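Colleague: Dumping the structure here so I can ask a few things about it.
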Amino acid sequence: MTRRGTKAGRFVRLVTAGVLGAVLTLVSAPPAGAEPAGPVQNDFLSAMLYSVAHPRAFPTGANEPGCRPGPRHPRPVVLVNGTLENAYANWSRLSPRLRSDGYCVFAFNYGGVDGSPFQQLGPMRASARQLAAFVDHVRAVTGARRVDLVGHSQGGLLPLHYINRLGGRDTVHHMIGVEPASRGVHGYGLLTLIGRTPGLSQVLSLPCAACADATADSPFLRETAEGGYTRPEVRYTTIISRTDGVVTVPEAQLPPAPGVTNIVTQDVCPLDLTDHVNAVYDDITLRLVRNALDPATAVPPGCHVVLPLLPPQH
């Protein structure tokens, strides 16, 4: 099988798994009631499995009552999860690190059924309004005028709509996208084909309207990019791995402009082969995020090579 076909297959399996999970959740909703913060996880699969068993869990360090930003980190950090993901599965590793760095950290679920572990499936315009309301809430409870956003996958695209169309240019200081679908994804031709085929686009929109909205050149993407992808009042950083498997480097990076920094992971650590979902559990990627949030205390990522165990030689 070609590399191109393998990536397309992975994308189809990802969407299919999310749709099936969402349907099962709708049929059998979990019991109501808040759960305590979940443990720190070392990889996305472990975090996602934990969130399926504890669908109301949130990452440690997020949404702490009474947190007030200090002079060192005067802006709260709002974490924006990606398609099919929830706040815990997406941020169980980064959130406690940011809290230990001294940030007030906030995370939320949106674009999905309340109590479901599978989120961010709904129309992205509606999700952008949810993001706007959550940012307003964070600003109200912290007294901060602006926030910094860190988003993964479609969580790196959604804030662009909020900034460009819903007034976010006045409330966001820095937007950091991790493996972001900044310009929409082609799905190696799959999503574009579906979007242009009469009838199929409506089918795609039923279980995952966000998938249709994130298709390259969709009406949502054209509306978001009208007048340019970025605004001069906001700083932007994108971090993308060449081995992502879902989003390509051109799909992730923003057009060159003042205040825009595009980082390719392998340009920093050539042997870091992190993929789309595990980037938010990759120490090098997370160090790049933390450096972007606070350049004054930036630390070079610890590039390292993990070699497979070899059988003993006889």
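Chain identifiers are assigned as A, B, and so on, following the order in which chains appear in the structure tokens; residues are numbered from 1 within each chain, and ligands are numbered from 1 in order of appearance.
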DSSP on the backbone, strand (DSSP E) only: what residues of range 232-268 of chain A does that give? Format it as a ChimeraX atom specification.
Modeller: /A:235-240,260-264
Colleague: For range 71-75 of chain A, find every residue with an atom within 9 Å (counting only C-alpha atoms), except residues of its own chain fewer than 5 positions away, and show them as a list in words.
Modeller: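 Selected residues are Asp101, Gly102, Tyr103, Cys104, Thr142, Ala144, Arg145, Arg146, Val147, Asp148, His173 and Asp294 of chain A.
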Colleague: In Å, how far is it from CA of Ala210 in chain A to CA of Gly122 in chain A?
Modeller: 5.3 Å
Colleague: If DSSP is run on the backbone, what residues of range 100-172 of chain A are helix (DSSP H, G or I)? A reply as number ranges by chain would be ideal.
Modeller: A: 100, 124-142, 153-156, 158-165, 168-170
Colleague: List the spatial neighbours of range 231-247 of chain A as a ChimeraX atom specification - criterion: any atom at most 6 Å away, only C-alpha atoms, same-chain residues fewer than 3 positions off excluded.
Modeller: /A:7,173-179,259-265,273,275-276
Colleague: Which is closest to Thr274 in chain A among A:Val135, A:Ala209, A:Leu286, A:Leu98, if we use only C-alpha atoms?
Modeller: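 Counting only C-alpha atoms, the residue closest to Thr274 in chain A is A:Leu286.
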